[in-house]
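Input: a single structure, listed below in structure tokens.
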Amino acid sequence: HTDYALRMLIYVATRPDGVCTVNDVAEAYGLSRNHLLKVAQTLRDLGLVETTRGRAGGIRLAKAPADIPVGALVRPTEEELSLAECMQAGGRACAISPACRLKGMLHEALAAFLAVLDKYTLEDIVRNRAALGPLLGIAEAA
């Protein structure tokens with residue numbers, strides 16, 4: 001879900017007019033339209049995109065790309081950030097859990113991973129729009 005959410009945001013942010021359809025994204029990346037519909041709904045629910053129904057409808061960013069931190073997108077869209085079973089909510093207890101130090105290390109590593117993502121925004125990802133556009137089949141604005 002996170003991968004597709006990032007791809008959708010990159011696509012929308014790369015468009016000169018800032019508007020697209022789920023079909024546009026699906027065709028550009030060769031992805032399932034049905035799955036992308038769910039992703040668009042998630043992004044709308046998170047307040048990252050606005051969606052409009054109908055013939056002239058589409059998807060547009062609800063915030064400027066510079067106001068969309070990558071880490072803030074990854075946390076709610078990634079179903080499971082646990083790196084080991086012991087980190088899962090309701091996960092089974094591991095036989096060595098009472099003496100294991102790995103869980104703390106993994107929590108620290110995950111926090112560092114997310115901290116790096118928090119330093120970047122969607123704007124950082126699409127700063128090279130001129131190179132991304134042709135790869136996504138997006139023509140430059142006139």
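Residue numbers start at 1 in each chain; chains themselves are named A, B, ... in the order of the structure tokens; ligands are numbered from 1 in the order shown.
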
Report as JSON lines the residues of segment 43-105 of chain A within 9 Å of segment 11-18 of chain A, each with its shortest atom pair and distance in Å (one decimal), using only C-alpha atoms, ordered by chain and increasing residue number.
```
{"residue": "A:Ile59", "atom": "CA", "partner": "A:Val12", "partner_atom": "CA", "distance": 7.5}
{"residue": "A:Arg60", "atom": "CA", "partner": "A:Gly18", "partner_atom": "CA", "distance": 5.7}
{"residue": "A:Leu61", "atom": "CA", "partner": "A:Val12", "partner_atom": "CA", "distance": 6.9}
{"residue": "A:Ala64", "atom": "CA", "partner": "A:Ala13", "partner_atom": "CA", "distance": 8.7}
{"residue": "A:Pro65", "atom": "CA", "partner": "A:Ala13", "partner_atom": "CA", "distance": 6.8}
```

Generate the output file for the selected residues, C-alpha atoms, as an mmCIF file, in the first residue's frame.
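Result went into part-v4.cif, see below:
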```cif
data_model
loop_
_atom_site.group_PDB
_atom_site.id
_atom_site.type_symbol
_atom_site.label_atom_id
_atom_site.label_comp_id
_atom_site.auth_asym_id
_atom_site.auth_seq_id
_atom_site.Cartn_x
_atom_site.Cartn_y
_atom_site.Cartn_z
ATOM 1 C CA ILE A 59 -7.163 13.467 -7.970
ATOM 2 C CA ARG A 60 -5.128 16.476 -6.870
ATOM 3 C CA LEU A 61 -2.813 17.107 -3.965
ATOM 4 C CA ALA A 64 1.870 21.417 -1.339
ATOM 5 C CA PRO A 65 4.487 18.687 -1.975
#
```

- Please provide as a list in words all residues within 7 Å of segment 67-76 of chain A, with the sequence filter that same-chain residues fewer than 2 positions apart are discarded (counting only C-alpha atoms).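 Residues meeting the cut-off are Thr2, Lys63, Ala64, Pro65, Glu78, Leu114, Leu117, Asp118, Tyr120, Thr121 and Leu122 of chain A.
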
With N, CA and C atoms retained, write the just-selected residues as a JSON list (two decimals), in the first residue's frame.
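Output saved as part-v5.json:
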```json
[["chain", "number", "residue", "atom", "x", "y", "z"],
["A", 2, "THR", "N", 1.94, 1.22, 0.78],
["A", 2, "THR", "CA", 2.84, 2.38, 0.86],
["A", 2, "THR", "C", 3.51, 2.66, -0.48],
["A", 63, "LYS", "N", -2.29, 19.24, -0.34],
["A", 63, "LYS", "CA", -1.24, 20.06, 0.28],
["A", 63, "LYS", "C", -0.13, 20.25, -0.73],
["A", 64, "ALA", "N", 0.69, 21.23, -0.50],
["A", 64, "ALA", "CA", 1.87, 21.42, -1.34],
["A", 64, "ALA", "C", 2.82, 20.24, -1.11],
["A", 65, "PRO", "N", 3.54, 19.80, -2.14],
["A", 65, "PRO", "CA", 4.49, 18.69, -1.98],
["A", 65, "PRO", "C", 5.47, 18.91, -0.83],
["A", 78, "GLU", "N", 1.69, 1.79, 5.82],
["A", 78, "GLU", "CA", 2.37, 0.49, 5.91],
["A", 78, "GLU", "C", 1.67, -0.33, 6.99],
["A", 114, "LEU", "N", 12.58, 5.65, 10.23],
["A", 114, "LEU", "CA", 11.49, 6.62, 10.10],
["A", 114, "LEU", "C", 12.00, 8.05, 10.28],
["A", 117, "LEU", "N", 13.23, 9.19, 6.95],
["A", 117, "LEU", "CA", 12.11, 9.51, 6.06],
["A", 117, "LEU", "C", 11.43, 10.83, 6.46],
["A", 118, "ASP", "N", 11.42, 11.12, 7.76],
["A", 118, "ASP", "CA", 10.82, 12.37, 8.24],
["A", 118, "ASP", "C", 11.58, 13.61, 7.77],
["A", 120, "TYR", "N", 12.55, 14.14, 4.79],
["A", 120, "TYR", "CA", 12.26, 14.39, 3.38],
["A", 120, "TYR", "C", 10.78, 14.56, 3.14],
["A", 121, "THR", "N", 10.47, 15.31, 2.08],
["A", 121, "THR", "CA", 9.08, 15.54, 1.70],
["A", 121, "THR", "C", 8.86, 15.07, 0.27],
["A", 122, "LEU", "N", 7.61, 15.09, -0.13],
["A", 122, "LEU", "CA", 7.27, 14.76, -1.51],
["A", 122, "LEU", "C", 8.01, 15.70, -2.47]]
```

- Message: To test your reading of the structure, identify every residue in chain A that backbone DSSP assigns to alpha helix (DSSP H), and report it as a PyMOL selection string.
- Response: chain A and resi 2-14+22-29+33-45+70-77+102-118+122-125+129-135

- Item | Residues of chain A in strand (DSSP E or B), written as an MDAnalysis selection string | chainID A and resid 19:20 49:52 58:61 69 121

Filtering to C-alpha atoms, could you give me those residues as a PDB file, in the first residue's frame?
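Dumped to out_26.pdb:
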```pdb
ATOM      1  CA  VAL A  19      -4.683  16.737 -11.655  1.00  0.00           C
ATOM      2  CA  CYS A  20      -4.988  13.132 -12.803  1.00  0.00           C
ATOM      3  CA  VAL A  49      -5.248  14.292  -1.852  1.00  0.00           C
ATOM      4  CA  GLU A  50      -8.617  15.661  -2.840  1.00  0.00           C
ATOM      5  CA  THR A  51     -10.819  13.570  -5.070  1.00  0.00           C
ATOM      6  CA  THR A  52     -13.617  14.719  -7.340  1.00  0.00           C
ATOM      7  CA  GLY A  58      -9.809  13.369 -10.646  1.00  0.00           C
ATOM      8  CA  ILE A  59      -7.163  13.467  -7.970  1.00  0.00           C
ATOM      9  CA  ARG A  60      -5.128  16.476  -6.870  1.00  0.00           C
ATOM     10  CA  LEU A  61      -2.813  17.107  -3.965  1.00  0.00           C
ATOM     11  CA  PRO A  69       6.630  14.414   4.834  1.00  0.00           C
ATOM     12  CA  THR A 121       9.084  15.540   1.702  1.00  0.00           C
TER      13      THR A 121
END
```

- Query: Which distance in Å separates atom CA of Ala5 of chain A and atom CA of Leu136 of chain A, to one decimal?
  - Reply: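 These atoms are spaced 15.4 Å apart.
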